[in-house]
$ cat my_file04.cif   # mmCIF, C-alpha atoms
data_run
loop_
_atom_site.label_atom_id
_atom_site.label_comp_id
_atom_site.auth_asym_id
_atom_site.auth_seq_id
_atom_site.Cartn_x
_atom_site.Cartn_y
_atom_site.Cartn_z
CA MET A 611 -9.00 -12.74 25.85
CA ALA A 612 -5.59 -14.39 26.33
CA LEU A 613 -4.05 -16.16 23.36
CA ASN A 614 -3.71 -19.88 23.83
CA ARG A 615 -0.56 -21.80 22.92
CA LYS A 616 -1.97 -22.94 19.59
CA GLN A 617 -2.77 -19.38 18.54
CA LEU A 618 0.69 -18.15 19.55
CA PHE A 619 2.38 -20.88 17.51
CA PHE A 620 0.20 -19.88 14.56
CA LEU A 621 1.11 -16.21 14.99
CA PHE A 622 4.87 -16.75 15.15
CA GLY A 623 4.62 -19.39 12.45
CA MET A 624 3.32 -16.63 10.18
CA LEU A 625 5.87 -14.02 11.22
CA ILE A 626 9.05 -16.08 10.93
CA PRO A 627 8.51 -17.28 7.33
CA ALA A 628 7.50 -13.74 6.38
CA PHE A 629 10.82 -12.43 7.70
CA PHE A 630 12.87 -14.83 5.60
CA ILE A 631 10.75 -14.21 2.50
CA ALA A 632 11.32 -10.46 2.94
CA ALA A 633 15.05 -10.98 3.45
CA GLY A 634 15.20 -12.99 0.26
CA THR A 635 13.84 -10.08 -1.77
CA LEU A 636 16.79 -7.91 -0.75
CA SER A 637 19.23 -10.15 -2.59
CA ALA A 638 17.27 -9.96 -5.83
CA GLN A 639 18.36 -6.46 -6.86
CA ASN A 640 18.37 -7.15 -10.60
CA ARG A 641 15.11 -9.03 -11.01
CA LYS A 642 11.89 -7.49 -12.26
CA PHE A 643 9.72 -5.52 -9.87
CA THR A 644 6.70 -7.75 -9.20
CA VAL A 645 3.24 -6.52 -8.32
CA VAL A 646 0.36 -8.79 -7.34
CA ILE A 647 -3.19 -7.66 -8.11
CA ASP A 648 -5.75 -9.43 -5.98
CA PRO A 649 -9.39 -9.04 -7.12
CA GLY A 650 -11.34 -10.12 -4.03
CA HIS A 651 -13.88 -12.95 -3.82
CA GLY A 652 -14.82 -14.88 -7.00
CA GLY A 653 -16.53 -18.11 -8.00
CA LYS A 654 -18.89 -19.35 -5.31
CA ASP A 655 -18.16 -16.24 -3.25
CA PRO A 656 -19.94 -13.22 -4.81
CA GLY A 657 -18.70 -10.77 -2.20
CA ALA A 658 -21.01 -7.85 -1.52
CA VAL A 659 -24.17 -7.83 -3.64
CA GLY A 660 -25.81 -4.66 -4.91
CA SER A 661 -29.22 -4.19 -6.47
CA ASN A 662 -28.03 -5.67 -9.78
CA SER A 663 -24.29 -6.25 -9.47
CA LYS A 664 -21.74 -8.33 -7.57
CA GLU A 665 -18.51 -7.26 -5.95
CA LYS A 666 -16.57 -10.14 -7.50
CA ASP A 667 -17.35 -8.93 -11.05
CA ILE A 668 -16.55 -5.26 -10.44
CA VAL A 669 -13.20 -5.84 -8.75
CA LEU A 670 -12.12 -8.36 -11.40
CA SER A 671 -12.82 -5.86 -14.16
CA VAL A 672 -10.98 -3.05 -12.37
CA GLY A 673 -8.08 -5.38 -11.53
CA LEU A 674 -7.61 -6.49 -15.15
CA LYS A 675 -7.73 -2.89 -16.36
CA LEU A 676 -5.17 -1.91 -13.73
CA GLY A 677 -2.87 -4.75 -14.76
CA LYS A 678 -3.03 -3.74 -18.43
CA LEU A 679 -2.08 -0.16 -17.56
CA ILE A 680 0.94 -1.34 -15.60
CA GLU A 681 2.05 -3.80 -18.29
CA SER A 682 1.63 -1.23 -21.07
CA ASN A 683 3.63 1.48 -19.33
CA HIS A 684 6.18 -0.47 -17.29
CA PRO A 685 7.95 -3.25 -19.23
CA ASP A 686 10.22 -3.68 -16.19
CA VAL A 687 7.27 -4.80 -14.03
CA ASN A 688 5.93 -8.33 -13.72
CA VAL A 689 2.16 -8.35 -13.07
CA ILE A 690 0.62 -11.37 -11.34
CA TYR A 691 -3.08 -11.87 -10.64
CA THR A 692 -4.42 -14.00 -7.81
CA ARG A 693 -7.33 -14.60 -10.18
CA ASN A 694 -7.99 -13.39 -13.72
CA ASN A 695 -11.38 -15.01 -14.12
CA ASP A 696 -14.44 -15.89 -12.07
CA ARG A 697 -13.05 -18.51 -9.72
CA PHE A 698 -12.76 -18.91 -5.98
CA VAL A 699 -9.33 -18.50 -4.39
CA ALA A 700 -8.82 -19.04 -0.66
CA LEU A 701 -7.33 -16.17 1.34
CA ASN A 702 -4.20 -18.08 2.31
CA GLN A 703 -3.67 -19.08 -1.34
CA ARG A 704 -3.77 -15.43 -2.41
CA ALA A 705 -0.99 -14.64 0.04
CA GLU A 706 0.92 -17.75 -1.02
CA ILE A 707 0.87 -16.61 -4.66
CA ALA A 708 2.42 -13.28 -3.67
CA ASN A 709 4.99 -14.75 -1.30
CA LYS A 710 6.16 -17.44 -3.74
CA ALA A 711 6.68 -14.75 -6.38
CA HIS A 712 8.71 -12.68 -3.87
CA ALA A 713 6.45 -9.81 -4.90
CA ASP A 714 7.34 -6.19 -4.16
CA LEU A 715 3.78 -4.91 -3.81
CA PHE A 716 0.35 -6.40 -3.13
CA MET A 717 -2.97 -4.74 -4.01
CA SER A 718 -6.27 -6.30 -2.94
CA LEU A 719 -9.40 -4.80 -4.55
CA HIS A 720 -12.86 -4.83 -2.97
CA CYS A 721 -16.22 -3.06 -2.79
CA ASN A 722 -17.84 -2.00 0.45
CA ALA A 723 -21.46 -2.53 1.53
CA LEU A 724 -23.86 -1.94 4.38
CA ASP A 725 -26.92 -3.89 5.40
CA ARG A 726 -29.85 -2.95 3.14
CA ARG A 727 -31.81 -1.79 6.18
CA ARG A 728 -29.28 1.02 6.71
CA THR A 729 -28.68 4.12 4.61
CA SER A 730 -25.48 3.50 2.71
CA PRO A 731 -22.69 6.09 2.57
CA GLN A 732 -20.43 6.62 -0.44
CA GLY A 733 -16.71 6.90 -0.86
CA VAL A 734 -13.37 5.17 -1.18
CA GLU A 735 -11.02 4.06 1.55
CA THR A 736 -7.64 2.38 1.42
CA PHE A 737 -6.62 0.03 4.23
CA VAL A 738 -3.30 -1.16 5.56
CA LEU A 739 -2.76 -3.94 8.06
CA GLY A 740 -3.28 -3.01 11.68
CA LEU A 741 -5.51 -3.23 14.71
CA HIS A 742 -8.87 -1.59 14.06
CA ARG A 743 -9.34 1.67 15.93
CA SER A 744 -13.06 2.03 15.28
CA LYS A 745 -16.14 -0.15 14.93
CA ASP A 746 -16.48 0.87 11.27
CA ASN A 747 -13.00 -0.44 10.48
CA LEU A 748 -13.75 -3.68 12.32
CA ASP A 749 -16.99 -4.11 10.39
CA VAL A 750 -15.15 -3.79 7.07
CA ALA A 751 -12.52 -6.33 8.17
CA LYS A 752 -15.24 -8.74 9.33
CA ALA A 753 -17.01 -8.53 5.99
CA GLU A 754 -13.85 -9.19 3.95
CA ASN A 755 -12.51 -11.89 6.28
CA SER A 756 -15.83 -13.77 6.21
CA VAL A 757 -14.75 -15.22 2.84
CA ILE A 758 -12.93 -17.95 4.79
CA MET A 759 -16.31 -19.49 5.60
CA TYR A 760 -16.49 -20.61 1.97
CA GLU A 761 -13.38 -22.71 2.60
CA GLU A 762 -13.46 -26.25 3.91
CA ASP A 763 -12.07 -26.68 7.44
CA TYR A 764 -11.49 -22.94 7.78
CA SER A 765 -11.47 -23.17 11.58
CA VAL A 766 -8.54 -25.61 11.38
CA LYS A 767 -6.73 -23.82 8.52
CA TYR A 768 -6.85 -20.45 10.30
CA GLU A 769 -6.27 -21.89 13.78
CA GLY A 770 -9.68 -21.06 15.26
CA PHE A 771 -9.90 -17.54 13.82
CA ASN A 772 -13.55 -16.49 13.65
CA PRO A 773 -14.11 -13.36 11.54
CA ASN A 774 -17.28 -12.53 13.47
CA GLU A 775 -15.72 -12.54 16.93
CA PRO A 776 -13.95 -9.30 17.96
CA GLU A 777 -11.74 -11.34 20.30
CA SER A 778 -10.12 -13.04 17.29
CA TYR A 779 -8.66 -9.71 16.21
CA ILE A 780 -6.50 -9.40 19.31
CA ILE A 781 -3.73 -11.19 17.41
CA PHE A 782 -3.27 -8.10 15.26
CA GLU A 783 -1.99 -6.22 18.31
CA PHE A 784 1.08 -8.45 18.16
CA MET A 785 1.77 -8.03 14.47
CA ALA A 786 5.00 -6.06 13.95
CA ASN A 787 4.61 -5.16 10.29
CA GLU A 788 8.02 -4.12 8.97
CA PHE A 789 6.34 -2.98 5.75
CA LEU A 790 3.85 -0.65 7.43
CA ASP A 791 5.56 2.63 6.51
CA ARG A 792 5.78 1.73 2.83
CA SER A 793 2.23 0.38 2.87
CA VAL A 794 0.95 3.64 4.35
CA TYR A 795 2.92 5.65 1.79
CA PHE A 796 1.46 3.64 -1.10
CA ALA A 797 -2.04 3.73 0.42
CA THR A 798 -1.81 7.53 0.66
CA MET A 799 -0.79 7.83 -2.99
CA VAL A 800 -3.68 5.61 -4.09
CA GLN A 801 -6.25 7.32 -1.88
CA ASN A 802 -5.18 10.79 -3.06
CA GLN A 803 -5.57 9.72 -6.69
CA LEU A 804 -8.98 8.12 -6.15
CA VAL A 805 -10.19 11.36 -4.60
CA SER A 806 -8.52 13.89 -6.91
CA ASN A 807 -8.58 12.00 -10.22
CA SER A 808 -11.72 9.86 -9.94
CA LYS A 809 -13.56 12.48 -7.84
CA ARG A 810 -14.59 9.95 -5.19
CA ILE A 811 -15.68 10.89 -1.68
CA ASN A 812 -12.70 10.59 0.67
CA ARG A 813 -13.07 8.08 3.52
CA ASN A 814 -9.33 8.20 4.22
CA VAL A 815 -6.49 5.73 4.74
CA ARG A 816 -7.30 3.36 7.60
CA GLN A 817 -5.96 0.38 9.52
CA ALA A 818 -7.80 -2.88 10.18
CA GLY A 819 -7.14 -6.58 10.65
CA PHE A 820 -7.41 -8.23 7.23
CA LEU A 821 -6.30 -11.85 7.00
CA VAL A 822 -5.16 -11.48 3.39
CA LEU A 823 -2.81 -8.61 4.33
CA ARG A 824 -1.54 -10.35 7.44
CA GLU A 825 -0.06 -13.21 5.48
CA VAL A 826 1.82 -11.33 2.75
CA ALA A 827 5.49 -10.48 3.23
CA MET A 828 5.64 -7.18 1.34
CA PRO A 829 4.07 -3.71 1.34
CA SER A 830 0.36 -4.22 0.83
CA VAL A 831 -2.97 -2.38 0.70
CA LEU A 832 -6.64 -3.27 0.48
CA VAL A 833 -8.70 -0.79 -1.55
CA GLU A 834 -12.45 -0.44 -1.02
CA LEU A 835 -13.51 1.07 -4.35
CA GLY A 836 -16.91 2.26 -3.17
CA TYR A 837 -20.23 1.18 -1.67
CA ILE A 838 -22.11 -1.26 -3.84
CA SER A 839 -25.02 -0.85 -1.41
CA ASN A 840 -25.43 2.78 -2.51
CA ARG A 841 -27.50 2.98 -5.71
CA GLU A 842 -25.67 5.99 -7.13
CA GLU A 843 -22.24 4.58 -6.38
CA GLU A 844 -23.22 1.15 -7.66
CA ARG A 845 -24.03 2.69 -11.05
CA TYR A 846 -20.58 4.23 -11.11
CA LEU A 847 -18.86 1.00 -10.04
CA LYS A 848 -20.68 -0.97 -12.76
CA SER A 849 -19.98 1.51 -15.56
CA GLU A 850 -17.12 1.06 -17.98
CA SER A 851 -16.05 4.69 -17.46
CA GLY A 852 -16.14 4.34 -13.68
CA GLN A 853 -14.07 1.18 -13.70
CA ALA A 854 -11.56 2.71 -16.13
CA SER A 855 -11.21 5.80 -13.92
CA LEU A 856 -10.71 3.74 -10.76
CA ALA A 857 -8.07 1.61 -12.48
CA ALA A 858 -6.29 4.73 -13.77
CA SER A 859 -6.26 6.32 -10.31
CA ILE A 860 -4.78 3.23 -8.65
CA TYR A 861 -2.27 3.05 -11.48
CA ASN A 862 -1.25 6.67 -10.86
CA GLY A 863 -0.63 5.80 -7.21
CA PHE A 864 1.40 2.79 -8.29
CA LYS A 865 3.41 4.90 -10.74
CA GLU A 866 4.36 7.33 -7.96
CA TYR A 867 5.31 4.49 -5.61
CA LYS A 868 7.39 2.76 -8.29
CA ARG A 869 9.16 5.99 -9.16
CA GLU A 870 10.24 6.46 -5.54
CA TYR A 871 11.20 2.78 -5.30
CA ASP A 872 13.42 3.10 -8.37
CA LYS A 873 15.13 6.20 -6.98
CA LYS A 874 16.01 4.41 -3.74
CA SER A 875 17.24 1.33 -5.55
CA TYR A 876 19.38 3.41 -7.91
CA VAL A 877 21.04 5.40 -5.15
CA PHE A 878 21.96 2.35 -3.11
CA THR A 879 23.00 0.02 -5.93
CA ASN A 880 24.55 2.41 -8.45
CA GLY A 881 25.99 5.28 -6.46
CA GLY A 882 23.40 7.82 -7.60
CA THR A 883 24.56 9.03 -11.00
CA GLN A 884 21.19 9.39 -12.72
CA ARG A 885 20.49 12.01 -15.33
CA PRO A 886 18.66 15.16 -14.26
CA GLN A 887 14.98 15.83 -14.78
CA SER A 888 13.36 19.03 -13.58
CA GLN A 889 11.22 19.10 -10.43
CA GLY A 890 9.90 22.01 -8.40
CA SER A 891 12.18 22.89 -5.48
CA GLN A 892 13.28 25.59 -3.15
CA PRO A 893 16.49 27.33 -4.32
CA ALA A 894 19.67 25.43 -3.49
CA SER A 895 22.66 27.09 -1.88
CA ALA A 896 25.29 24.96 -3.61
CA SER A 897 27.29 26.06 -6.62
CA VAL A 898 25.48 25.54 -9.90
CA SER A 899 28.34 23.32 -11.07
CA GLU A 900 28.06 20.90 -8.16
CA ARG A 901 25.76 17.98 -7.46
CA GLU A 902 24.05 18.36 -4.09
CA TYR A 903 22.80 15.52 -1.90
CA ARG A 904 19.86 15.71 0.51
CA ILE A 905 17.98 13.17 2.61
CA GLN A 906 14.30 12.75 1.76
CA PHE A 907 12.43 11.43 4.78
CA LEU A 908 8.76 12.42 4.58
CA THR A 909 6.03 12.84 1.95
CA SER A 910 2.75 14.56 2.76
CA PRO A 911 -0.11 16.41 1.08
CA ARG A 912 0.29 19.02 3.86
CA LYS A 913 2.77 21.87 4.06
CA TYR A 914 4.65 22.03 7.37
CA GLY A 915 6.89 24.76 8.75
CA ASN A 916 10.27 24.20 10.38
CA GLY A 917 9.90 22.99 13.94
CA ALA A 918 6.78 20.91 13.21
CA SER A 919 6.51 17.90 15.52
CA VAL A 920 6.16 15.57 12.53
CA PHE A 921 9.86 16.21 11.75
CA LYS A 922 10.88 14.61 15.09
CA GLY A 923 13.54 17.20 15.89
CA LEU A 924 15.14 17.50 12.43
CA ASN A 925 15.94 21.14 11.72
CA PRO A 926 16.25 22.91 9.37
CA VAL A 927 14.05 21.06 6.90
CA ASP A 928 13.59 21.88 3.20
CA TYR A 929 10.91 20.70 0.84
CA TYR A 930 10.16 20.42 -2.85
CA THR A 931 6.82 19.75 -4.51
CA ASP A 932 5.71 17.02 -6.88
CA GLY A 933 2.22 17.88 -8.06
CA LYS A 934 0.19 18.49 -4.91
CA THR A 935 2.58 16.50 -2.72
CA TYR A 936 5.22 18.06 -0.43
CA LYS A 937 8.44 16.09 -0.12
CA TYR A 938 10.59 17.00 2.86
CA THR A 939 14.39 16.80 2.98
CA TYR A 940 17.10 17.25 5.58
CA GLY A 941 20.70 18.32 5.12
CA ARG A 942 22.67 19.52 2.10
CA THR A 943 26.11 18.38 1.06
CA THR A 944 28.17 17.93 -2.09
CA ASN A 945 30.11 15.08 -0.48
CA PRO A 946 28.64 11.59 -1.06
CA GLU A 947 30.22 10.22 2.12
CA GLU A 948 28.70 13.02 4.20
CA SER A 949 25.32 12.28 2.65
CA ARG A 950 25.58 8.68 3.84
CA GLN A 951 26.39 9.92 7.35
CA LEU A 952 23.34 12.20 7.23
CA LEU A 953 21.25 9.25 6.06
CA ARG A 954 22.28 7.15 9.06
CA LYS A 955 21.25 9.99 11.36
CA VAL A 956 17.83 10.46 9.74
CA LYS A 957 17.11 6.72 9.59
CA LYS A 958 17.06 6.58 13.39
CA ASN A 959 13.59 8.14 13.26
CA PHE A 960 12.63 7.67 9.60
CA LYS A 961 13.67 4.20 8.51
CA ASP A 962 12.49 4.68 4.91
CA ALA A 963 14.62 7.81 4.38
CA PHE A 964 16.85 7.84 1.32
CA ILE A 965 19.37 10.01 -0.53
CA ILE A 966 18.27 12.26 -3.38
CA GLU A 967 20.23 14.61 -5.60
CA PHE A 968 19.80 18.19 -6.75
CA GLU A 969 21.56 20.13 -9.49
CA ASN A 970 21.03 23.82 -10.17
CA GLY A 971 18.25 23.75 -7.58
CA GLU A 972 16.33 21.02 -9.44
CA ARG A 973 15.70 17.44 -8.33
CA VAL A 974 17.78 14.95 -10.32
CA LYS A 975 15.96 11.80 -11.39
#
$ encode --input "my_file04.cif" --output "structure tokens"
Amino acid sequence: MALNRKQLFFLFGMLIPAFFIAAGTLSAQNRKFTVVIDPGHGGKDPGAVGSNSKEKDIVLSVGLKLGKLIESNHPDVNVIYTRNNDRFVALNQRAEIANKAHADLFMSLHCNALDRRRTSPQGVETFVLGLHRSKDNLDVAKAENSVIMYEEDYSVKYEGFNPNEPESYIIFEFMANEFLDRSVYFATMVQNQLVSNSKRINRNVRQAGFLVLREVAMPSVLVELGYISNREEERYLKSESGQASLAASIYNGFKEYKREYDKKSYVFTNGGTQRPQSQGSQPASASVSEREYRIQFLTSPRKYGNGASVFKGLNPVDYYTDGKTYKYTYGRTTNPEESRQLLRKVKKNFKDAFIIEFENGERVK
């Protein structure tokens, strides 16, 4: 299906403001890091309905618990909720809240469901914006996007977008999401924690066309906490302990993301003179009295050997570990100017690469 002129204007009308909003965040180096927590549905929109629970109630409870964890442990973070009670908030208003706050991160919380006539699976999955690559991903996007039908004049507001027509999703092929890499990184951290810490079944990090993610100008994820249509999982999702565990796992993912964000910001705004804190690492070749700079360009739960295609020709590559995560680095120098030259080289293929420091073979934080 070809896009008509009206749809194209709508598409570029979304992209251009998003660019300037994103650019504005770069000039706000000293403001608080802002995270937006978006509990899906609410009010007249119950979301998915289980045997004796509603999606809107579960995600609100998890979202509030998550926000409290962040506020308690990160006084430098401003937490904003798209809703903190049982009320309906339109999809475009959720994005508007985040964009007006010039937020640094957006988390939308949901529960999955299948038709009651089908046997429901279990498990968690974390989505980032993109064109669906499978029918399952499209079905999830359809279900979450259908909230717009609770809005008056939704066909006008969303320029003819129909969540039930696959043809409507063609617009996502044209979305150049400059935040995709960071979104995927954060989604991976969250998904790993939900699986390892909350012991949930892993349904992986996925891409799909979610309206609420399309309109935000920042790294963003949509977390499906589990299947409310599965009796066993519904009991977990309803329980206080289950909700607390889910909130803690997402918080752990956030904490990892924020830690990496702070390291990047410190290197580029303060010249990288932080105090050391021990991390696992391969032995360094530099003198023990010298600070060594490396370029971190990739994080993965997998261990790769030198020459792996994922390194895109960088060789040799080192790594250090942080928990169960492998963090890959390129180059070693004691000269700050040389490290910046190495960074420019690596950024050609890994745009989110950044400079890190080692001392006595240990990562400096």
$ closest_residue --input "my_file04.cif" --among "A:Ala713, A:Ser839, A:Ala700, A:Leu856" --to "A:Leu674" --atoms "only C-alpha atoms"
A:Leu856
$ atom_distance --input "my_file04.cif" --atom1 "atom CA of A:Tyr691" --atom2 "atom CA of A:Asn840"
27.9 Å
$ resolve_selection --input "my_file04.cif" --expression "the PyMOL selection byres ((chain A and resi 715) around 9)" --output "PDB file with C-alpha atoms, in the coordinates of the input"
ATOM      1  CA  PHE A 643       9.720  -5.520  -9.870  1.00  0.00           C
ATOM      2  CA  THR A 644       6.700  -7.750  -9.200  1.00  0.00           C
ATOM      3  CA  VAL A 645       3.240  -6.520  -8.320  1.00  0.00           C
ATOM      4  CA  VAL A 646       0.360  -8.790  -7.340  1.00  0.00           C
ATOM      5  CA  ILE A 647      -3.190  -7.660  -8.110  1.00  0.00           C
ATOM      6  CA  ALA A 708       2.420 -13.280  -3.670  1.00  0.00           C
ATOM      7  CA  ALA A 713       6.450  -9.810  -4.900  1.00  0.00           C
ATOM      8  CA  ASP A 714       7.340  -6.190  -4.160  1.00  0.00           C
ATOM      9  CA  PHE A 716       0.350  -6.400  -3.130  1.00  0.00           C
ATOM     10  CA  MET A 717      -2.970  -4.740  -4.010  1.00  0.00           C
ATOM     11  CA  SER A 793       2.230   0.380   2.870  1.00  0.00           C
ATOM     12  CA  MET A 828       5.640  -7.180   1.340  1.00  0.00           C
ATOM     13  CA  PRO A 829       4.070  -3.710   1.340  1.00  0.00           C
ATOM     14  CA  SER A 830       0.360  -4.220   0.830  1.00  0.00           C
ATOM     15  CA  VAL A 831      -2.970  -2.380   0.700  1.00  0.00           C
TER      16      VAL A 831
END
$ atom_distance --input "my_file04.cif" --atom1 "atom CA of A:Tyr846" --atom2 "atom CA of A:Phe796"
24.2 Å
$ closest_residue --input "my_file04.cif" --among "A:Gly933, A:Leu790, A:Tyr861, A:Glu834" --to "A:Glu681" --atoms "all atoms listed in the file"
A:Tyr861
$ closest_residue --input "my_file04.cif" --among "A:Thr692, A:Thr798, A:Phe907, A:Ser855" --to "A:Asn709" --atoms "all atoms listed in the file"
A:Thr692
$ resolve_selection --input "my_file04.cif" --expression "the PyMOL selection byres ((chain A and resi 649) around 7)" --output "list of chain:residue names"
A:Ile647, A:Asp648, A:Gly650, A:His651, A:Val669, A:Leu670, A:Gly673, A:Arg693, A:Ser718, A:Leu719, A:His720
$ atom_distance --input "my_file04.cif" --atom1 "atom CA of A:Val734" --atom2 "atom CA of A:Asn812"
5.8 Å
$ closest_residue --input "my_file04.cif" --among "A:Gln817, A:Ser730, A:Val699, A:Arg845" --to "A:Asn662" --atoms "only C-alpha atoms"
A:Arg845
$ closest_residue --input "my_file04.cif" --among "A:Gln732, A:Asn802, A:Asn695, A:Ser910" --to "A:Glu843" --atoms "only C-alpha atoms"
A:Gln732
$ closest_residue --input "my_file04.cif" --among "A:Ala723, A:Asn945, A:Glu844, A:Leu908" --to "A:Val794" --atoms "all atoms listed in the file"
A:Leu908
$ resolve_selection --input "my_file04.cif" --expression "the PyMOL selection byres ((chain A and resi 654) around 9)" --output "list in words"
His651, Gly652, Gly653, Asp655, Pro656, Asp696, Arg697, Phe698 and Tyr760 of chain A
$ decode --input "my_file04.cif" --residues "stretch 833-840 of chain A" --atoms "all heavy atoms" --output "PDB file, in the first residue's frame"
ATOM      1  N   VAL A 833       7.574  -2.917  27.874  1.00  0.00           N
ATOM      2  CA  VAL A 833       7.787  -4.193  28.553  1.00  0.00           C
ATOM      3  C   VAL A 833       6.459  -4.918  28.722  1.00  0.00           C
ATOM      4  O   VAL A 833       5.521  -4.373  29.314  1.00  0.00           O
ATOM      5  CB  VAL A 833       8.436  -3.985  29.938  1.00  0.00           C
ATOM      6  CG1 VAL A 833       8.752  -5.335  30.581  1.00  0.00           C
ATOM      7  CG2 VAL A 833       9.689  -3.133  29.836  1.00  0.00           C
ATOM      8  N   GLU A 834       6.381  -6.125  28.200  1.00  0.00           N
ATOM      9  CA  GLU A 834       5.234  -7.011  28.434  1.00  0.00           C
ATOM     10  C   GLU A 834       5.609  -7.909  29.609  1.00  0.00           C
ATOM     11  O   GLU A 834       6.434  -8.812  29.498  1.00  0.00           O
ATOM     12  CB  GLU A 834       4.927  -7.838  27.181  1.00  0.00           C
ATOM     13  CG  GLU A 834       4.454  -7.022  25.988  1.00  0.00           C
ATOM     14  CD  GLU A 834       3.000  -6.551  26.108  1.00  0.00           C
ATOM     15  OE1 GLU A 834       2.339  -6.894  27.122  1.00  0.00           O
ATOM     16  OE2 GLU A 834       2.533  -5.839  25.204  1.00  0.00           O
ATOM     17  N   LEU A 835       4.990  -7.653  30.769  1.00  0.00           N
ATOM     18  CA  LEU A 835       5.399  -8.282  32.020  1.00  0.00           C
ATOM     19  C   LEU A 835       5.017  -9.750  32.119  1.00  0.00           C
ATOM     20  O   LEU A 835       5.525 -10.461  32.992  1.00  0.00           O
ATOM     21  CB  LEU A 835       4.791  -7.523  33.204  1.00  0.00           C
ATOM     22  CG  LEU A 835       5.208  -6.056  33.335  1.00  0.00           C
ATOM     23  CD1 LEU A 835       4.339  -5.353  34.369  1.00  0.00           C
ATOM     24  CD2 LEU A 835       6.673  -5.962  33.710  1.00  0.00           C
ATOM     25  N   GLY A 836       4.115 -10.206  31.275  1.00  0.00           N
ATOM     26  CA  GLY A 836       3.669 -11.589  31.328  1.00  0.00           C
ATOM     27  C   GLY A 836       2.291 -11.721  30.716  1.00  0.00           C
ATOM     28  O   GLY A 836       1.674 -10.726  30.320  1.00  0.00           O
ATOM     29  N   TYR A 837       1.798 -12.948  30.647  1.00  0.00           N
ATOM     30  CA  TYR A 837       0.501 -13.227  30.028  1.00  0.00           C
ATOM     31  C   TYR A 837      -0.592 -13.327  31.088  1.00  0.00           C
ATOM     32  O   TYR A 837      -0.661 -14.287  31.843  1.00  0.00           O
ATOM     33  CB  TYR A 837       0.571 -14.515  29.216  1.00  0.00           C
ATOM     34  CG  TYR A 837       1.166 -14.321  27.848  1.00  0.00           C
ATOM     35  CD1 TYR A 837       2.540 -14.242  27.674  1.00  0.00           C
ATOM     36  CD2 TYR A 837       0.354 -14.189  26.723  1.00  0.00           C
ATOM     37  CE1 TYR A 837       3.102 -14.045  26.416  1.00  0.00           C
ATOM     38  CE2 TYR A 837       0.897 -13.992  25.461  1.00  0.00           C
ATOM     39  CZ  TYR A 837       2.268 -13.926  25.316  1.00  0.00           C
ATOM     40  OH  TYR A 837       2.812 -13.729  24.067  1.00  0.00           O
ATOM     41  N   ILE A 838      -1.449 -12.331  31.101  1.00  0.00           N
ATOM     42  CA  ILE A 838      -2.562 -12.324  32.036  1.00  0.00           C
ATOM     43  C   ILE A 838      -3.591 -13.392  31.671  1.00  0.00           C
ATOM     44  O   ILE A 838      -4.428 -13.784  32.480  1.00  0.00           O
ATOM     45  CB  ILE A 838      -3.199 -10.909  32.073  1.00  0.00           C
ATOM     46  CG1 ILE A 838      -4.010 -10.704  33.345  1.00  0.00           C
ATOM     47  CG2 ILE A 838      -4.014 -10.645  30.812  1.00  0.00           C
ATOM     48  CD1 ILE A 838      -4.499  -9.277  33.520  1.00  0.00           C
ATOM     49  N   SER A 839      -3.508 -13.890  30.440  1.00  0.00           N
ATOM     50  CA  SER A 839      -4.422 -14.941  29.969  1.00  0.00           C
ATOM     51  C   SER A 839      -3.965 -16.338  30.387  1.00  0.00           C
ATOM     52  O   SER A 839      -4.658 -17.319  30.146  1.00  0.00           O
ATOM     53  CB  SER A 839      -4.542 -14.881  28.445  1.00  0.00           C
ATOM     54  OG  SER A 839      -3.267 -14.890  27.824  1.00  0.00           O
ATOM     55  N   ASN A 840      -2.797 -16.430  31.033  1.00  0.00           N
ATOM     56  CA  ASN A 840      -2.320 -17.696  31.567  1.00  0.00           C
ATOM     57  C   ASN A 840      -2.591 -17.716  33.066  1.00  0.00           C
ATOM     58  O   ASN A 840      -2.117 -16.837  33.797  1.00  0.00           O
ATOM     59  CB  ASN A 840      -0.821 -17.841  31.281  1.00  0.00           C
ATOM     60  CG  ASN A 840      -0.231 -19.136  31.796  1.00  0.00           C
ATOM     61  OD1 ASN A 840      -0.090 -19.327  32.995  1.00  0.00           O
ATOM     62  ND2 ASN A 840       0.107 -20.028  30.871  1.00  0.00           N
TER      63      ASN A 840
END
